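Undergrad: Okay, here's the structure, questions in a sec.
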Amino acid sequence: MLYIYLILALLSLALVFNAKSRKSVNAWAALFYAVQAGAAGWAITVDFGQTVWHYMTFDYLGVLFHGLTAIISPIVFFQSRSYLDTENVRQYRLYNIGLIGLCMAVTGVYYANNAAVSWIFLEATTLATALLVYHRRTVRSLEATWKYVFVSSVGVAVAYLGILMLSTAVTGEESLSYTQLMSSMASANPLYMKLAFLLILTGYSCKMEIFPLYTVGVDANHASPSPASALISTALVNAGFVAFFRVYQVLAVSDIYEWIKSVLLITGVLSVLIAAVYLRRTHNYKRFLTYSTVENLGIVMIGLGLGGWGVFAALFHLTIHSLIKSGMFLQMAQVGRIFRSYRMNRIGAYLNIYRLGAIVMLMGTVGLLAFPPSGLFISELIVLKELIAGRHWVVLTLFVLLICLVIFTLCRRFIGMLLRPVNTAVADMGSVNRTATWLHFALIFTALLLGIVQPQKFIDFIHAITVGL
Amino acid sequence: MLFALIIIYVVTLVYLAITDRFRNYASLIMLQGWVLFGVAILQLHAINWAELAFVLAETLVFKAIIVPYMLFNIIRKTGVARVHEGSVTGMNSLLMFITGLLVSAGIAYYIADTTVNVVFFAVALYAVLCGLILITTHKRIFSHLIGFLVIENGVFLFSLAVGVEMPMLVNIAMMLDILMSVLMLGVFFSKLGERIRNLTSDELTSLKD
């Protein structure tokens, strides 16, 4: 399957590259998303569990996130068509090349069964994301691109140092395959493993949008077109998580697992703390949504830091978060088009201006607040339960306080967007895409539905990933 | 011979601390490329020819020729010759770099075992620290770029410290890393140069909360 996927994906990429009109760009890009969806379906049903080309394995973790990307990316593409209606063919072509490149690179990260291969694909995501961030060709987008490429490159180089250190920790092991590294953990040098873990966590934090290198993600989302931000905040963040999670799985069988969990608890709390502070400070809705990603990934790290059911909660949380956050970012693109700004003081009365969009925003806010029926309610409840069971009283206290602060800020900002009186004459309703709004509704509705009904197959799927943790 | 090359490499790092001219920075990066080329020849003689050719191409062609050429090109185009007046003074910078050297040596001595070449490990760690010091204490973006290249070279040296049997994948990963630095040098730096006259990080502040 991988041969066919690669050939068709590269073919569509080449055709988009050579397209002479927007219509042909759309046609060939649509071919790619069809291939992407087909490949995800094929990986789940036919090739599941197989290893191909020695470095790619279609396992539960990879298939879960590939499936999510296959759902989100066509919607991103669909909305981009109307969002970028003023761009010339060249700009539109480059934007689509960036989107397709990002989708291909993250798919590589999801299935890579070797630390070096994961790293290579993550480095490739930097190139694709740079294209998307630089799309506007403004001083702001140039600054964001420079920061993104520079900090990501330094971060990923640091992670690479960690991978080399991990291979050093395992005496006599020349392969960087996760399975082989895991089997050699018993004899590994604990000090090297700790160093490797710290370096990898620090390096990959720029992709996962967590402490300490979360800032590049915030700037990248700020400068890139909103539909692209939807993909960066979900597919790319998930790719960073998958690359990190595979290292976490390797080290979970080692003697330093308890130490790792402590580090992750601290990282998670620091990420939530930063998000809570900056959610209050920011005056831009796109940055606001990105800080919300920092907060949610912080919760995911706390889940990993708890182990056991916490890991289940982390994966469940990330899945639901991807659906909500992509829907929110895509709807935010509509808000941006209507008000011609993302500044908070210029946006309001959305409920009066565009009711369907306001309902989507309201549903998304309920989802992000982790109020029932949001699926995030379940994962955060599990995290709280595990914090109490593990007697992590300090973390628990900080977590509850910070989450209260986040809830207050989210409510205030989104209620302001929906109800605050503004001059509605400035609103441009001509750019509203109702079909796209229904798609955002579907994404967020699915996330809420998963909070009420969890299909047994979905639960089993996540349990299969957490085996042994 | 190998030890002499490592000493030269350390000297280039220390010299980075005291110099304030960008031409010297570019020359030092070129010298580091040649030193790494020599180290790679001496260290990797046991592996197969394909891998050896791959590693030599990336040290000699990229690190010692293409990257320095692009650095000199940028200096010529932008006309920016020195580090920013607001950067730390040469004396303070030297003190920081020497402290970095002592810290690296201490850490390497403390954690090194039979699987790692202590000297390589210490110098690689020192290079990474130097790169980070350059990035954090300097204002001009050119210095940041040099810091990034110094870190890249440090990572390369560390991969040599880990062992001579480097899998092909590690080489590909390093090539991609170099590609990133070339991309930064070639595309974005020229565009930043067009739009931001003095190329200082203080001017990259349009993205705010």
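Order determines the names: the first chain of the structure tokens is A, the second B, and so forth; residues in each chain are numbered 1 upward, and ligands are numbered 1 upward as they are shown.
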Considering only C-alpha atoms, return as a list in words whatever protein or nucleic-acid residues lie within 9 Å of Leu5 of chain B, sequence-local ones (same chain, fewer than 5 positions apart) excluded.

TA: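 The neighbour list is Val10, Val35, Leu36, Gly38 and Val39 of chain B.
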
Undergrad: Given only C-alpha atoms, how would the per-residue table for chain A near chain B read, listing every residue at most 9 Å away with its closest atom pair and distance in Å to one decimal, sorted by chain and number, as JSON lines?

TA:
```
{"residue": "A:Ala116", "atom": "CA", "partner": "B:Leu169", "partner_atom": "CA", "distance": 6.4}
{"residue": "A:Val117", "atom": "CA", "partner": "B:Leu169", "partner_atom": "CA", "distance": 7.3}
{"residue": "A:Trp119", "atom": "CA", "partner": "B:Ala173", "partner_atom": "CA", "distance": 7.4}
{"residue": "A:Ile120", "atom": "CA", "partner": "B:Ala173", "partner_atom": "CA", "distance": 5.6}
{"residue": "A:Glu123", "atom": "CA", "partner": "B:Leu176", "partner_atom": "CA", "distance": 7.4}
{"residue": "A:Ala124", "atom": "CA", "partner": "B:Leu176", "partner_atom": "CA", "distance": 8.1}
{"residue": "A:Thr126", "atom": "CA", "partner": "B:Met180", "partner_atom": "CA", "distance": 8.8}
{"residue": "A:Leu127", "atom": "CA", "partner": "B:Met180", "partner_atom": "CA", "distance": 7.9}
{"residue": "A:Val139", "atom": "CA", "partner": "B:Arg195", "partner_atom": "CA", "distance": 7.4}
{"residue": "A:Arg140", "atom": "CA", "partner": "B:Ser206", "partner_atom": "CA", "distance": 5.8}
{"residue": "A:Ser141", "atom": "CA", "partner": "B:Leu207", "partner_atom": "CA", "distance": 8.8}
{"residue": "A:Leu142", "atom": "CA", "partner": "B:Leu192", "partner_atom": "CA", "distance": 7.3}
{"residue": "A:Glu143", "atom": "CA", "partner": "B:Leu204", "partner_atom": "CA", "distance": 5.9}
{"residue": "A:Ala144", "atom": "CA", "partner": "B:Leu207", "partner_atom": "CA", "distance": 7.4}
{"residue": "A:Thr145", "atom": "CA", "partner": "B:Phe188", "partner_atom": "CA", "distance": 8.2}
{"residue": "A:Trp146", "atom": "CA", "partner": "B:Phe188", "partner_atom": "CA", "distance": 6.7}
{"residue": "A:Lys147", "atom": "CA", "partner": "B:Leu204", "partner_atom": "CA", "distance": 8.9}
{"residue": "A:Val149", "atom": "CA", "partner": "B:Met184", "partner_atom": "CA", "distance": 7.4}
{"residue": "A:Phe150", "atom": "CA", "partner": "B:Met184", "partner_atom": "CA", "distance": 7.6}
{"residue": "A:Ser153", "atom": "CA", "partner": "B:Met180", "partner_atom": "CA", "distance": 7.1}
{"residue": "A:Val154", "atom": "CA", "partner": "B:Phe148", "partner_atom": "CA", "distance": 6.5}
{"residue": "A:Val156", "atom": "CA", "partner": "B:Asp177", "partner_atom": "CA", "distance": 8.8}
{"residue": "A:Ala157", "atom": "CA", "partner": "B:Glu152", "partner_atom": "CA", "distance": 7.0}
{"residue": "A:Val158", "atom": "CA", "partner": "B:Val155", "partner_atom": "CA", "distance": 8.1}
{"residue": "A:Tyr160", "atom": "CA", "partner": "B:Val155", "partner_atom": "CA", "distance": 7.8}
{"residue": "A:Leu161", "atom": "CA", "partner": "B:Val155", "partner_atom": "CA", "distance": 6.1}
{"residue": "A:Leu164", "atom": "CA", "partner": "B:Ser159", "partner_atom": "CA", "distance": 6.6}
{"residue": "A:Met165", "atom": "CA", "partner": "B:Val162", "partner_atom": "CA", "distance": 7.7}
{"residue": "A:Ser167", "atom": "CA", "partner": "B:Val162", "partner_atom": "CA", "distance": 8.0}
{"residue": "A:Thr168", "atom": "CA", "partner": "B:Val162", "partner_atom": "CA", "distance": 6.0}
{"residue": "A:Ala169", "atom": "CA", "partner": "B:Thr115", "partner_atom": "CA", "distance": 8.3}
{"residue": "A:Thr171", "atom": "CA", "partner": "B:Thr115", "partner_atom": "CA", "distance": 6.8}
{"residue": "A:Gly172", "atom": "CA", "partner": "B:Thr115", "partner_atom": "CA", "distance": 8.4}
{"residue": "A:Glu174", "atom": "CA", "partner": "B:Pro167", "partner_atom": "CA", "distance": 7.3}
{"residue": "A:Ser175", "atom": "CA", "partner": "B:Pro167", "partner_atom": "CA", "distance": 7.6}
{"residue": "A:Leu176", "atom": "CA", "partner": "B:Pro167", "partner_atom": "CA", "distance": 8.9}
{"residue": "A:Leu191", "atom": "CA", "partner": "B:Ile111", "partner_atom": "CA", "distance": 7.3}
{"residue": "A:Tyr192", "atom": "CA", "partner": "B:Ile111", "partner_atom": "CA", "distance": 7.8}
{"residue": "A:Asp219", "atom": "CA", "partner": "B:Leu207", "partner_atom": "CA", "distance": 6.7}
{"residue": "A:His222", "atom": "CA", "partner": "B:Leu207", "partner_atom": "CA", "distance": 7.8}
{"residue": "A:Ala223", "atom": "CA", "partner": "B:Leu207", "partner_atom": "CA", "distance": 8.2}
{"residue": "A:Tyr278", "atom": "CA", "partner": "B:Asp209", "partner_atom": "CA", "distance": 7.9}
{"residue": "A:Arg281", "atom": "CA", "partner": "B:Asp209", "partner_atom": "CA", "distance": 6.7}
{"residue": "A:Thr282", "atom": "CA", "partner": "B:Asp209", "partner_atom": "CA", "distance": 4.3}
{"residue": "A:His283", "atom": "CA", "partner": "B:Asp209", "partner_atom": "CA", "distance": 5.9}
{"residue": "A:Asn284", "atom": "CA", "partner": "B:Asp209", "partner_atom": "CA", "distance": 6.5}
{"residue": "A:Arg287", "atom": "CA", "partner": "B:Asp209", "partner_atom": "CA", "distance": 7.0}
{"residue": "A:Phe288", "atom": "CA", "partner": "B:Asp209", "partner_atom": "CA", "distance": 8.6}
```

Undergrad: Could you give me, as a PyMOL selection string, the residues within 7 Å of Val118 of chain B, counting only C-alpha atoms and dropping anything in the same chain fewer than 3 positions from it?

TA: chain B and resi 108-109+112+121-122

Undergrad: Which residue out of A:Val294, A:Leu265, A:Leu449, A:Ala243 has the minimum interatomic distance to Val218 of chain A when only C-alpha atoms are used?

TA: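 Result for the nearest residue to Val218 of chain A: A:Val294.
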
Undergrad: Hey, what's within 10 Å of segment 88-95 of chain A if we count only C-alpha atoms and toss same-chain stuff fewer than 5 positions away? As a ChimeraX atom specification, please?

TA: /A:13,16-26,29,80-81,100-101,128-129,131-137,225,228

Undergrad: So that I have them on file, write out the residues from the current selection with N, CA and C atoms, as an mmCIF file, in the first residue's frame.

TA:
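Output (out_23.cif):
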```cif
data_model
loop_
_atom_site.group_PDB
_atom_site.id
_atom_site.type_symbol
_atom_site.label_atom_id
_atom_site.label_comp_id
_atom_site.auth_asym_id
_atom_site.auth_seq_id
_atom_site.Cartn_x
_atom_site.Cartn_y
_atom_site.Cartn_z
ATOM 1 N N LEU A 13 1.276 15.833 -5.864
ATOM 2 C CA LEU A 13 2.113 16.982 -5.472
ATOM 3 C C LEU A 13 2.755 17.619 -6.717
ATOM 4 N N VAL A 16 0.099 19.434 -8.716
ATOM 5 C CA VAL A 16 -0.245 20.722 -8.090
ATOM 6 C C VAL A 16 0.861 21.728 -8.405
ATOM 7 N N PHE A 17 2.095 21.264 -8.335
ATOM 8 C CA PHE A 17 3.255 22.122 -8.587
ATOM 9 C C PHE A 17 3.222 22.701 -10.008
ATOM 10 N N ASN A 18 2.733 21.890 -10.942
ATOM 11 C CA ASN A 18 2.706 22.329 -12.346
ATOM 12 C C ASN A 18 1.363 22.909 -12.780
ATOM 13 N N ALA A 19 0.406 22.980 -11.874
ATOM 14 C CA ALA A 19 -0.934 23.449 -12.252
ATOM 15 C C ALA A 19 -0.888 24.912 -12.683
ATOM 16 N N LYS A 20 -1.683 25.219 -13.704
ATOM 17 C CA LYS A 20 -1.654 26.578 -14.254
ATOM 18 C C LYS A 20 -2.846 27.430 -13.799
ATOM 19 N N SER A 21 -3.856 26.776 -13.237
ATOM 20 C CA SER A 21 -5.028 27.529 -12.780
ATOM 21 C C SER A 21 -5.462 27.028 -11.398
ATOM 22 N N ARG A 22 -6.259 27.841 -10.717
ATOM 23 C CA ARG A 22 -6.755 27.448 -9.388
ATOM 24 C C ARG A 22 -7.577 26.165 -9.486
ATOM 25 N N LYS A 23 -8.333 26.061 -10.593
ATOM 26 C CA LYS A 23 -9.201 24.903 -10.776
ATOM 27 C C LYS A 23 -8.374 23.610 -10.800
ATOM 28 N N SER A 24 -7.267 23.645 -11.544
ATOM 29 C CA SER A 24 -6.456 22.418 -11.620
ATOM 30 C C SER A 24 -5.704 22.173 -10.304
ATOM 31 N N VAL A 25 -5.321 23.259 -9.609
ATOM 32 C CA VAL A 25 -4.704 23.067 -8.282
ATOM 33 C C VAL A 25 -5.699 22.333 -7.387
ATOM 34 N N ASN A 26 -6.959 22.801 -7.406
ATOM 35 C CA ASN A 26 -7.993 22.175 -6.577
ATOM 36 C C ASN A 26 -8.198 20.713 -6.940
ATOM 37 N N ALA A 29 -5.121 18.650 -5.850
ATOM 38 C CA ALA A 29 -5.045 18.592 -4.389
ATOM 39 C C ALA A 29 -6.138 17.668 -3.844
ATOM 40 N N SER A 80 -9.937 26.236 2.702
ATOM 41 C CA SER A 80 -8.868 27.084 2.155
ATOM 42 C C SER A 80 -9.256 27.642 0.789
ATOM 43 N N ARG A 81 -10.048 26.865 0.042
ATOM 44 C CA ARG A 81 -10.447 27.311 -1.307
ATOM 45 C C ARG A 81 -11.177 28.648 -1.265
ATOM 46 N N ILE A 100 -0.062 19.783 1.497
ATOM 47 C CA ILE A 100 0.149 18.378 1.107
ATOM 48 C C ILE A 100 1.461 17.865 1.712
ATOM 49 N N GLY A 101 2.507 18.703 1.633
ATOM 50 C CA GLY A 101 3.804 18.313 2.208
ATOM 51 C C GLY A 101 3.688 18.039 3.694
ATOM 52 N N ALA A 128 7.698 22.115 5.441
ATOM 53 C CA ALA A 128 6.332 22.291 4.941
ATOM 54 C C ALA A 128 5.612 23.401 5.711
ATOM 55 N N THR A 129 5.806 23.417 7.037
ATOM 56 C CA THR A 129 5.126 24.433 7.854
ATOM 57 C C THR A 129 5.659 25.822 7.517
ATOM 58 N N LEU A 131 6.525 26.945 4.685
ATOM 59 C CA LEU A 131 5.810 27.408 3.483
ATOM 60 C C LEU A 131 4.458 28.012 3.853
ATOM 61 N N LEU A 132 3.771 27.358 4.777
ATOM 62 C CA LEU A 132 2.438 27.834 5.179
ATOM 63 C C LEU A 132 2.523 29.122 5.990
ATOM 64 N N VAL A 133 3.508 29.197 6.875
ATOM 65 C CA VAL A 133 3.628 30.376 7.743
ATOM 66 C C VAL A 133 4.028 31.599 6.912
ATOM 67 N N TYR A 134 4.852 31.393 5.879
ATOM 68 C CA TYR A 134 5.335 32.501 5.062
ATOM 69 C C TYR A 134 4.341 32.889 3.965
ATOM 70 N N HIS A 135 3.198 32.261 3.959
ATOM 71 C CA HIS A 135 2.247 32.434 2.856
ATOM 72 C C HIS A 135 1.900 33.894 2.570
ATOM 73 N N ARG A 136 1.686 34.700 3.605
ATOM 74 C CA ARG A 136 1.240 36.087 3.404
ATOM 75 C C ARG A 136 2.322 37.023 2.867
ATOM 76 N N ARG A 137 3.588 36.594 2.994
ATOM 77 C CA ARG A 137 4.722 37.412 2.513
ATOM 78 C C ARG A 137 4.774 38.796 3.176
ATOM 79 N N PRO A 225 -2.277 31.350 7.519
ATOM 80 C CA PRO A 225 -3.723 31.436 7.282
ATOM 81 C C PRO A 225 -4.467 30.498 8.252
ATOM 82 N N ALA A 228 -4.793 26.745 7.719
ATOM 83 C CA ALA A 228 -3.516 26.046 7.921
ATOM 84 C C ALA A 228 -3.233 25.892 9.415
#
```

Undergrad: At a cut-off of 12 Å, using only C-alpha atoms, what residues contact Thr107 of chain A? Leave out same-chain residues fewer than 3 positions from it and give the result as an MDAnalysis selection string.

TA: chainID A and resid 2 5:6 9 36:37 39:40 43 56:58 61:70 73 100:104 110:112 117:118 121:122 124:125 235:236 238:240 242:243

Undergrad: List as a PyMOL selection string the protein and nucleic acid residues near Ile324 of chain A, meaning an atom at most 12 Å away when only C-alpha atoms are counted, but skip any in the same chain fewer than 6 places from it.

TA: chain A and resi 68+72+230-231+233-234+289+292-293+296+317-318+330-331+360-370+374-376+439-451

Undergrad: Compile the contact shell of segment 56-60 of chain B as a ChimeraX atom specification: residues with an atom at most 7 Å away, counting only C-alpha atoms, same-chain residues fewer than 2 positions apart removed.

TA: /B:33-34,36-37,40,52-54,62-65,175

Undergrad: Restricting it to all heavy atoms, dump the selection as a CSV table (one decimal), in the first residue's frame.

TA:
```
chain,number,residue,atom,x,y,z
B,33,GLY,N,34.5,23.3,9.4
B,33,GLY,CA,34.1,22.4,8.4
B,33,GLY,C,35.3,21.5,8.0
B,33,GLY,O,35.2,20.3,7.9
B,34,TRP,N,36.5,22.1,7.8
B,34,TRP,CA,37.7,21.4,7.3
B,34,TRP,C,38.2,20.5,8.5
B,34,TRP,O,38.6,19.4,8.2
B,34,TRP,CB,38.8,22.4,7.0
B,34,TRP,CG,38.6,23.0,5.6
B,34,TRP,CD1,38.0,24.2,5.3
B,34,TRP,CD2,38.9,22.4,4.3
B,34,TRP,NE1,38.0,24.4,3.9
B,34,TRP,CE2,38.5,23.3,3.3
B,34,TRP,CE3,39.4,21.1,4.0
B,34,TRP,CZ2,38.6,23.0,2.0
B,34,TRP,CZ3,39.5,20.9,2.6
B,34,TRP,CH2,39.1,21.8,1.6
B,36,LEU,N,36.3,19.1,10.8
B,36,LEU,CA,35.4,18.0,10.9
B,36,LEU,C,35.6,17.0,9.7
B,36,LEU,O,35.5,15.8,9.9
B,36,LEU,CB,33.9,18.5,10.8
B,36,LEU,CG,33.5,19.2,12.1
B,36,LEU,CD1,32.1,19.7,11.9
B,36,LEU,CD2,33.5,18.3,13.3
B,37,PHE,N,36.0,17.5,8.6
B,37,PHE,CA,36.3,16.7,7.4
B,37,PHE,C,37.5,15.8,7.8
B,37,PHE,O,37.5,14.6,7.6
B,37,PHE,CB,36.7,17.6,6.2
B,37,PHE,CG,37.3,16.9,5.1
B,37,PHE,CD1,36.6,15.9,4.4
B,37,PHE,CD2,38.6,17.2,4.7
B,37,PHE,CE1,37.2,15.3,3.3
B,37,PHE,CE2,39.2,16.6,3.6
B,37,PHE,CZ,38.5,15.6,2.9
B,40,ALA,N,36.5,13.2,10.4
B,40,ALA,CA,35.7,12.2,9.7
B,40,ALA,C,36.5,11.2,9.0
B,40,ALA,O,36.3,10.0,9.1
B,40,ALA,CB,34.6,12.8,8.8
B,52,LEU,N,31.2,6.3,3.9
B,52,LEU,CA,32.4,7.2,4.0
B,52,LEU,C,32.3,8.4,3.0
B,52,LEU,O,32.4,9.6,3.4
B,52,LEU,CB,33.7,6.5,3.8
B,52,LEU,CG,35.0,7.2,4.0
B,52,LEU,CD1,35.1,7.6,5.5
B,52,LEU,CD2,36.2,6.4,3.6
B,53,ALA,N,31.9,8.1,1.8
B,53,ALA,CA,31.8,9.1,0.8
B,53,ALA,C,30.6,10.1,1.2
B,53,ALA,O,30.8,11.3,1.0
B,53,ALA,CB,31.4,8.5,-0.6
B,54,PHE,N,29.6,9.6,1.8
B,54,PHE,CA,28.4,10.4,2.2
B,54,PHE,C,28.9,11.4,3.3
B,54,PHE,O,28.6,12.6,3.2
B,54,PHE,CB,27.4,9.4,2.7
B,54,PHE,CG,26.0,9.9,2.8
B,54,PHE,CD1,25.2,9.9,1.6
B,54,PHE,CD2,25.5,10.5,3.9
B,54,PHE,CE1,23.9,10.4,1.6
B,54,PHE,CE2,24.2,11.0,3.9
B,54,PHE,CZ,23.4,11.0,2.8
B,62,PHE,N,29.5,20.6,2.0
B,62,PHE,CA,28.5,21.5,2.7
B,62,PHE,C,29.2,22.3,3.8
B,62,PHE,O,29.1,23.6,3.7
B,62,PHE,CB,27.3,20.7,3.3
B,62,PHE,CG,26.4,20.3,2.2
B,62,PHE,CD1,26.4,19.1,1.7
B,62,PHE,CD2,25.4,21.2,1.8
B,62,PHE,CE1,25.5,18.7,0.7
B,62,PHE,CE2,24.5,20.9,0.8
B,62,PHE,CZ,24.5,19.6,0.3
B,63,LYS,N,29.7,21.7,4.8
B,63,LYS,CA,30.2,22.4,6.0
B,63,LYS,C,31.4,23.3,5.6
B,63,LYS,O,31.6,24.4,6.2
B,63,LYS,CB,30.5,21.4,7.1
B,63,LYS,CG,29.3,20.8,7.7
B,63,LYS,CD,29.7,19.9,8.9
B,63,LYS,CE,28.5,19.2,9.5
B,63,LYS,NZ,27.6,20.1,10.2
B,64,ALA,N,32.3,22.8,4.8
B,64,ALA,CA,33.6,23.5,4.6
B,64,ALA,C,33.5,24.5,3.4
B,64,ALA,O,34.3,25.4,3.3
B,64,ALA,CB,34.7,22.5,4.4
B,65,ILE,N,32.6,24.2,2.4
B,65,ILE,CA,32.6,25.0,1.2
B,65,ILE,C,31.3,25.8,1.0
B,65,ILE,O,31.3,27.1,1.0
B,65,ILE,CB,32.9,24.2,0.0
B,65,ILE,CG1,34.3,23.6,0.1
B,65,ILE,CG2,32.8,25.0,-1.3
B,65,ILE,CD1,34.7,22.5,-0.9
B,175,MET,N,22.2,15.2,7.0
B,175,MET,CA,22.1,15.9,5.7
B,175,MET,C,20.9,16.8,5.7
B,175,MET,O,20.9,17.9,5.2
B,175,MET,CB,22.0,14.9,4.5
B,175,MET,CG,23.3,14.3,4.1
B,175,MET,SD,24.4,15.5,3.5
B,175,MET,CE,23.8,15.8,1.8
```
